[in-house]
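Participant: One structure is given below, represented as structure tokens, and several questions about it will come after.
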Amino acid sequence: MAEPGTIGRQIRAFRHERGLTQEQLAERAQVSVDLVKKLEQGARQDARATFLMRLAKALDVDLSELTGKRPRISRDDGVSVQAIRDVLLTPSLLPGFEPEDDGEPASAEELSRAVAQAWTLYWSGDFAELTRRLPGLVAEARLTGVPGLLAQAYQLVACLMVHFGRDDLAALGAERAVTAAAGGDDELQWATLNGTYAWTLLHQGRAREAETHAVRVAERIEPTFKSPPAHLVVWGGLLLTALAAAAAETRKTAAEELISLSSAAAARITGGDRHDYQVPFGRTQVAMQATHAYAMLREPGEALRSAAGVRREDLPTIAYGRHLLDKAQAQVDAGHDRAAEQTLTEAHGLSPVWFRHQGPARSLVGRLRERQTRLTPGLRQLARSVDVG
């Protein structure tokens, strides 16, 4: 979902640039003319992910361009997304060139600690500090030369860039992560990073490709009854990535089949959700992703029933925050505006920086503002936090 007021302006600008009428765009995107008109007029501030993907494809633009997703961090104290771009696209990676830094590389132990600290920053939603550290971390990982740690450094780039709407950089980071992992001997890490790659495809609006890729890799590593829990976690994580892609295309039957399959895998994990290879999986994770799927399918009753199975203690901070946005979406669709405001306030309290980067948060706050004749203090604060109005 998009930032309120942005998507209509973007659609109109790109449509005019391509010389299309509203009717022609609607035909190309296989959406209603009424939807195009309402979005451009600001009468609607959001649309289903499926429709946004179709509109982006019809206009030949990235989904992030259409929705106006962009970094929302302070540039003070050396925080720069461009520095991450530069270390990702450095000429020193070209064949025949050596890394420019000829200093002594960190030990594998030191680098492992630094990577672990970076993941802690990511899962807690401290994107500003992570942005500050990542360029040096990637450069150091290249010098140290441990495939698994280099793969994780690139994976962090991919995950962060998705949140910043830099989807091409995210896909490049994920591709390099897969390549680095292929140089090691850990098939589960390789599979995990293919899941990250599929996730970046989804954020590019390539949902069918994302689903196909995640399912293909899952089939390749399908566990047996003797497989260790970490194997189940990685496999289940791929299924849930495929689930998100199927839901984005409103393919309900495929989505429910994936919910059933992943639920069976989660039932084999005891003692709460696990977190292996930076992949959370278990009963709570399945309930969370089912909530997301039904929210995308605009079935609020099913979404809220699934949400009842989510245990806060099983989820990292931003994973729980993302779940709260799906729950708020279902509450808004069900007409429970006050409950949705409370849910959004809880999500904002988890990590204000993370919250500012969430398109669904901006869209939901915008919808609540439109539907209330008198804003509550809480809703005013939420609107300020995401620059709505």
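Residue names in the structure tokens use chain letters A, B, ... in the order shown, residue numbers from 1 in each chain, and ligand numbers from 1 in the order shown.
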Contacts of Lys57 of chain A at 10 Å or less, counting only C-alpha atoms, minus same-chain residues fewer than 3 places along, as a list of chain:residue names?

Facilitator: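 So the residues in contact are A:Arg28, A:Ala29, A:Phe51, A:Leu52, A:Met53, A:Arg54, A:Asp60, A:Val61, A:Asp62, A:Leu63, A:Gln204, A:Gly205, A:Arg206.
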
Participant: If DSSP is run on the backbone, what residues of segment 108-258 of chain A are alpha helix (DSSP H)? A reply as a ChimeraX atom specification would be ideal.

Facilitator: /A:108-124,127-144,147-163,167-182,187-203,207-220,229-248,252-258

Participant: Using C-alpha atoms, can you write the selected residues to a file as a CSV table (one decimal), in the first residue's frame?

Facilitator:
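The result, stored in part.csv:
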```
chain,number,residue,atom,x,y,z
A,108,ALA,CA,36.4,-14.6,11.3
A,109,GLU,CA,35.4,-14.4,15.0
A,110,GLU,CA,35.4,-10.6,15.0
A,111,LEU,CA,33.4,-10.5,11.8
A,112,SER,CA,30.9,-13.0,13.1
A,113,ARG,CA,30.3,-10.8,16.1
A,114,ALA,CA,29.8,-7.7,13.9
A,115,VAL,CA,27.4,-9.5,11.7
A,116,ALA,CA,25.4,-10.7,14.7
A,117,GLN,CA,25.2,-7.2,16.1
A,118,ALA,CA,24.0,-6.0,12.7
A,119,TRP,CA,21.2,-8.5,12.7
A,120,THR,CA,20.2,-7.4,16.2
A,121,LEU,CA,19.9,-3.8,14.9
A,122,TYR,CA,17.8,-5.0,11.9
A,123,TRP,CA,15.3,-7.1,13.9
A,124,SER,CA,14.9,-4.3,16.5
A,127,PHE,CA,17.7,1.2,10.6
A,128,ALA,CA,19.7,4.4,11.1
A,129,GLU,CA,22.5,2.7,13.0
A,130,LEU,CA,22.4,-0.3,10.7
A,131,THR,CA,22.6,2.0,7.7
A,132,ARG,CA,25.7,3.6,9.3
A,133,ARG,CA,27.4,0.3,9.9
A,134,LEU,CA,26.6,-1.7,6.7
A,135,PRO,CA,29.1,-0.2,4.2
A,136,GLY,CA,32.0,-1.0,6.5
A,137,LEU,CA,30.6,-4.4,7.3
A,138,VAL,CA,30.3,-5.4,3.7
A,139,ALA,CA,33.8,-4.2,2.9
A,140,GLU,CA,35.2,-6.1,5.8
A,141,ALA,CA,33.4,-9.2,4.9
A,142,ARG,CA,34.9,-9.2,1.5
A,143,LEU,CA,38.4,-8.8,2.9
A,144,THR,CA,37.9,-11.6,5.4
A,147,PRO,CA,31.5,-17.2,2.4
A,148,GLY,CA,28.8,-17.6,5.0
A,149,LEU,CA,29.6,-14.2,6.7
A,150,LEU,CA,29.9,-12.4,3.4
A,151,ALA,CA,26.5,-13.9,2.3
A,152,GLN,CA,24.9,-12.5,5.5
A,153,ALA,CA,26.4,-9.1,5.0
A,154,TYR,CA,24.8,-9.0,1.5
A,155,GLN,CA,21.6,-10.4,2.9
A,156,LEU,CA,21.4,-7.5,5.4
A,157,VAL,CA,21.8,-5.1,2.5
A,158,ALA,CA,19.0,-6.8,0.7
A,159,CYS,CA,16.6,-6.7,3.7
A,160,LEU,CA,17.3,-3.1,4.5
A,161,MET,CA,17.0,-1.9,1.0
A,162,VAL,CA,13.6,-3.5,0.7
A,163,HIS,CA,12.4,-1.3,3.6
A,167,ASP,CA,14.2,-2.7,-4.8
A,168,ASP,CA,16.8,-3.0,-7.5
A,169,LEU,CA,19.6,-2.7,-4.9
A,170,ALA,CA,17.8,-5.2,-2.7
A,171,ALA,CA,17.7,-7.7,-5.5
A,172,LEU,CA,21.3,-7.2,-6.3
A,173,GLY,CA,22.3,-7.6,-2.7
A,174,ALA,CA,20.2,-10.8,-2.5
A,175,GLU,CA,21.8,-12.2,-5.7
A,176,ARG,CA,25.3,-11.5,-4.4
A,177,ALA,CA,24.3,-13.2,-1.1
A,178,VAL,CA,23.2,-16.3,-2.9
A,179,THR,CA,26.4,-16.3,-5.0
A,180,ALA,CA,28.5,-16.0,-1.8
A,181,ALA,CA,26.6,-18.8,-0.1
A,182,ALA,CA,27.1,-21.0,-3.1
A,187,GLU,CA,22.9,-25.8,1.6
A,188,LEU,CA,20.4,-24.5,4.2
A,189,GLN,CA,22.1,-21.1,4.1
A,190,TRP,CA,22.0,-21.1,0.3
A,191,ALA,CA,18.3,-22.0,0.5
A,192,THR,CA,17.6,-19.2,3.0
A,193,LEU,CA,19.2,-16.6,0.8
A,194,ASN,CA,17.2,-17.8,-2.2
A,195,GLY,CA,14.2,-17.1,0.0
A,196,THR,CA,15.5,-13.6,0.5
A,197,TYR,CA,15.9,-13.3,-3.2
A,198,ALA,CA,12.3,-14.4,-3.7
A,199,TRP,CA,11.2,-11.8,-1.2
A,200,THR,CA,13.0,-9.0,-3.2
A,201,LEU,CA,11.2,-10.2,-6.3
A,202,LEU,CA,7.9,-9.9,-4.5
A,203,HIS,CA,8.7,-6.3,-3.6
A,207,ALA,CA,4.8,-12.0,-7.3
A,208,ARG,CA,4.4,-15.1,-9.6
A,209,GLU,CA,8.1,-15.3,-10.1
A,210,ALA,CA,8.7,-14.9,-6.3
A,211,GLU,CA,6.2,-17.8,-5.6
A,212,THR,CA,7.7,-20.0,-8.2
A,213,HIS,CA,11.2,-19.5,-7.1
A,214,ALA,CA,10.4,-20.0,-3.4
A,215,VAL,CA,8.5,-23.2,-4.1
A,216,ARG,CA,11.3,-24.6,-6.4
A,217,VAL,CA,13.9,-24.1,-3.7
A,218,ALA,CA,11.6,-25.6,-1.1
A,219,GLU,CA,11.1,-28.7,-3.2
A,220,ARG,CA,14.9,-29.0,-3.6
A,229,PRO,CA,14.5,-28.5,13.4
A,230,ALA,CA,16.7,-25.9,11.5
A,231,HIS,CA,15.9,-27.7,8.3
A,232,LEU,CA,12.2,-27.4,9.0
A,233,VAL,CA,12.6,-23.7,9.7
A,234,VAL,CA,14.3,-23.0,6.4
A,235,TRP,CA,11.9,-25.1,4.4
A,236,GLY,CA,8.9,-23.5,6.2
A,237,GLY,CA,10.3,-20.0,5.7
A,238,LEU,CA,10.3,-20.7,1.9
A,239,LEU,CA,6.7,-21.8,2.0
A,240,LEU,CA,5.7,-18.7,3.8
A,241,THR,CA,7.5,-16.5,1.3
A,242,ALA,CA,5.5,-18.3,-1.4
A,243,LEU,CA,2.4,-17.8,0.6
A,244,ALA,CA,2.9,-14.0,0.7
A,245,ALA,CA,3.4,-14.0,-3.1
A,246,ALA,CA,0.2,-16.1,-3.7
A,247,ALA,CA,-1.8,-13.8,-1.5
A,248,ALA,CA,-0.5,-10.7,-3.3
A,252,LYS,CA,-6.8,-17.9,-2.4
A,253,THR,CA,-6.7,-21.6,-3.1
A,254,ALA,CA,-2.9,-21.6,-3.5
A,255,ALA,CA,-2.5,-19.4,-0.4
A,256,GLU,CA,-4.7,-21.8,1.7
A,257,GLU,CA,-2.8,-24.8,0.5
A,258,LEU,CA,0.5,-23.2,1.6
```

Participant: Output as a PyMOL selection string all residues of segment 203-353 of chain A that backbone DSSP marks as strand (DSSP E).

Facilitator: chain A and resi 274-276+279-281

Participant: Residues as selected, N, CA, C and O atoms, written as a PDB file, in the first residue's frame, can you do that?

Facilitator:
```pdb
ATOM      1  N   ARG A 274      11.176 -21.081  16.377  1.00  0.00           N
ATOM      2  CA  ARG A 274      12.628 -21.075  16.291  1.00  0.00           C
ATOM      3  C   ARG A 274      13.085 -19.932  15.374  1.00  0.00           C
ATOM      4  O   ARG A 274      12.285 -19.371  14.621  1.00  0.00           O
ATOM      5  N   HIS A 275      14.379 -19.634  15.461  1.00  0.00           N
ATOM      6  CA  HIS A 275      14.959 -18.576  14.636  1.00  0.00           C
ATOM      7  C   HIS A 275      16.323 -19.079  14.160  1.00  0.00           C
ATOM      8  O   HIS A 275      17.326 -18.913  14.836  1.00  0.00           O
ATOM      9  N   ASP A 276      16.333 -19.735  13.001  1.00  0.00           N
ATOM     10  CA  ASP A 276      17.559 -20.286  12.444  1.00  0.00           C
ATOM     11  C   ASP A 276      17.856 -19.620  11.101  1.00  0.00           C
ATOM     12  O   ASP A 276      16.937 -19.371  10.309  1.00  0.00           O
ATOM     13  N   VAL A 279      15.836 -16.825   9.975  1.00  0.00           N
ATOM     14  CA  VAL A 279      14.477 -17.150   9.536  1.00  0.00           C
ATOM     15  C   VAL A 279      13.660 -17.565  10.754  1.00  0.00           C
ATOM     16  O   VAL A 279      13.987 -18.568  11.399  1.00  0.00           O
ATOM     17  N   PRO A 280      12.623 -16.817  11.108  1.00  0.00           N
ATOM     18  CA  PRO A 280      11.744 -17.259  12.186  1.00  0.00           C
ATOM     19  C   PRO A 280      10.669 -18.197  11.634  1.00  0.00           C
ATOM     20  O   PRO A 280      10.121 -17.961  10.565  1.00  0.00           O
ATOM     21  N   PHE A 281      10.393 -19.280  12.370  1.00  0.00           N
ATOM     22  CA  PHE A 281       9.360 -20.204  11.913  1.00  0.00           C
ATOM     23  C   PHE A 281       8.825 -21.010  13.081  1.00  0.00           C
ATOM     24  O   PHE A 281       9.554 -21.402  13.982  1.00  0.00           O
TER      25      PHE A 281
END
```

Participant: Quick one: residues within 8 Å of Ala295 of chain A, only C-alpha atoms, excluding same-chain residues fewer than 4 positions away - as a VMD selection string?

Facilitator: chain A and resid 291 299 to 300 303 326 to 327 329 to 330

Participant: Please identify all polymer residues within 12 Å of Leu382 of chain A, counting only C-alpha atoms, omitting same-chain residues fewer than 5 positions from it, and present them as a PyMOL selection string.

Facilitator: chain A and resi 340-349+352+355-356+361-366+368-369+375-377+387-389

Participant: Could you dump the residues just selected with N, CA, C and O atoms as a short mmCIF file (atom, residue, chain, number, x, y, z; two decimals), in the first residue's frame?

Facilitator:
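Once everything was written out, this is again28.cif:
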```cif
data_model
loop_
_atom_site.label_atom_id
_atom_site.label_comp_id
_atom_site.auth_asym_id
_atom_site.auth_seq_id
_atom_site.Cartn_x
_atom_site.Cartn_y
_atom_site.Cartn_z
N ALA A 340 -8.25 -0.26 15.40
CA ALA A 340 -7.15 -0.13 14.45
C ALA A 340 -6.19 0.97 14.89
O ALA A 340 -4.96 0.81 14.79
N GLU A 341 -6.72 2.08 15.39
CA GLU A 341 -5.85 3.16 15.88
C GLU A 341 -4.98 2.68 17.04
O GLU A 341 -3.77 2.99 17.09
N GLN A 342 -5.56 1.92 17.93
CA GLN A 342 -4.79 1.40 19.06
C GLN A 342 -3.69 0.43 18.58
O GLN A 342 -2.57 0.45 19.09
N THR A 343 -4.03 -0.39 17.59
CA THR A 343 -3.05 -1.33 17.06
C THR A 343 -1.90 -0.59 16.38
O THR A 343 -0.72 -0.94 16.55
N LEU A 344 -2.23 0.45 15.61
CA LEU A 344 -1.19 1.24 14.95
C LEU A 344 -0.31 1.97 15.96
O LEU A 344 0.90 2.10 15.77
N THR A 345 -0.91 2.45 17.03
CA THR A 345 -0.14 3.13 18.07
C THR A 345 0.85 2.16 18.72
O THR A 345 2.00 2.51 19.00
N GLU A 346 0.42 0.93 18.94
CA GLU A 346 1.32 -0.08 19.49
C GLU A 346 2.47 -0.35 18.52
O GLU A 346 3.63 -0.45 18.94
N ALA A 347 2.15 -0.46 17.22
CA ALA A 347 3.19 -0.72 16.23
C ALA A 347 4.19 0.43 16.18
O ALA A 347 5.41 0.21 16.12
N HIS A 348 3.71 1.65 16.24
CA HIS A 348 4.59 2.82 16.22
C HIS A 348 5.51 2.82 17.43
O HIS A 348 6.70 3.17 17.33
N GLY A 349 5.00 2.42 18.56
CA GLY A 349 5.79 2.40 19.78
C GLY A 349 6.94 1.41 19.76
O GLY A 349 7.93 1.58 20.47
N PRO A 352 9.74 3.73 16.04
CA PRO A 352 9.26 4.84 15.20
C PRO A 352 9.97 4.93 13.86
O PRO A 352 9.33 5.27 12.85
N PHE A 355 8.58 2.25 11.65
CA PHE A 355 7.19 2.57 11.34
C PHE A 355 7.11 3.56 10.19
O PHE A 355 6.24 3.44 9.31
N ARG A 356 8.00 4.57 10.17
CA ARG A 356 7.97 5.59 9.12
C ARG A 356 8.21 5.01 7.74
O ARG A 356 7.83 5.61 6.74
N ALA A 361 1.47 1.41 6.92
CA ALA A 361 1.19 2.30 8.05
C ALA A 361 0.69 3.65 7.55
O ALA A 361 -0.32 4.19 8.06
N ARG A 362 1.36 4.21 6.56
CA ARG A 362 0.93 5.50 6.03
C ARG A 362 -0.45 5.40 5.40
O ARG A 362 -1.29 6.29 5.57
N SER A 363 -0.70 4.31 4.68
CA SER A 363 -2.00 4.15 4.04
C SER A 363 -3.13 4.01 5.07
O SER A 363 -4.18 4.63 4.94
N LEU A 364 -2.88 3.19 6.09
CA LEU A 364 -3.91 2.97 7.11
C LEU A 364 -4.20 4.24 7.91
O LEU A 364 -5.36 4.56 8.19
N VAL A 365 -3.16 4.96 8.26
CA VAL A 365 -3.37 6.23 8.97
C VAL A 365 -4.17 7.19 8.09
O VAL A 365 -5.08 7.87 8.56
N GLY A 366 -3.84 7.22 6.81
CA GLY A 366 -4.58 8.08 5.88
C GLY A 366 -6.05 7.70 5.80
O GLY A 366 -6.93 8.57 5.79
N LEU A 368 -7.84 6.17 8.12
CA LEU A 368 -8.50 6.53 9.37
C LEU A 368 -8.77 8.02 9.44
O LEU A 368 -9.82 8.45 9.93
N ARG A 369 -7.84 8.85 8.95
CA ARG A 369 -8.05 10.30 8.93
C ARG A 369 -9.26 10.66 8.07
O ARG A 369 -10.05 11.54 8.40
N LEU A 375 -10.40 14.23 14.71
CA LEU A 375 -9.24 13.39 14.98
C LEU A 375 -8.93 13.32 16.47
O LEU A 375 -8.98 14.32 17.18
N THR A 376 -8.60 12.12 16.91
CA THR A 376 -8.16 11.94 18.29
C THR A 376 -6.70 12.39 18.40
O THR A 376 -5.97 12.43 17.39
N PRO A 377 -6.23 12.72 19.60
CA PRO A 377 -4.81 13.08 19.76
C PRO A 377 -3.87 11.98 19.27
O PRO A 377 -2.83 12.25 18.67
N ASP A 387 4.07 11.56 8.19
CA ASP A 387 3.94 12.68 7.25
C ASP A 387 2.64 12.62 6.45
O ASP A 387 2.63 12.89 5.24
N VAL A 388 1.57 12.27 7.10
CA VAL A 388 0.26 12.24 6.43
C VAL A 388 -0.47 13.55 6.76
O VAL A 388 -0.75 13.83 7.92
N GLY A 389 -0.75 14.31 5.75
CA GLY A 389 -1.47 15.57 5.95
C GLY A 389 -0.63 16.65 6.55
O GLY A 389 -1.15 17.56 7.16
#
```

Participant: May I ask which of the residues A:Glu65, A:Glu313, A:Asp337, A:Asp273 is the closest one to Ala13 of chain A, counting only C-alpha atoms?

Facilitator: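 Between A:Glu65, A:Glu313, A:Asp337, A:Asp273, the residue approaching Ala13 of chain A most closely is A:Glu65.
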
Participant: Rounded to one decimal, what separation in Å do you get between atom CA of Gln372 of chain A and atom CA of His336 of chain A?

Facilitator: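 For atom CA of Gln372 of chain A relative to atom CA of His336 of chain A, the distance reads 12.0 Å.
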
Participant: Using Å and a single decimal, report how far atom CA of Ala334 of chain A sits from atom CA of Ile11 of chain A.

Facilitator: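 Straight-line distance from atom CA of Ile11 of chain A to atom CA of Ala334 of chain A works out to 27.9 Å.
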
Participant: For a quick check of understanding, using only C-alpha atoms, which of A:Ser351, A:Gln30, A:Gln278, A:Ser263 has the smallest distance to Ala56 of chain A?

Facilitator: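 Ranking A:Ser351, A:Gln30, A:Gln278, A:Ser263 by distance to Ala56 of chain A, first place goes to A:Gln30.
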
Participant: What is the distance, in Å and to one decimal place, between atom CA of Gln285 of chain A and atom CA of Ala265 of chain A?

Facilitator: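 Result for atom CA of Gln285 of chain A versus atom CA of Ala265 of chain A: 11.4 Å, one decimal.
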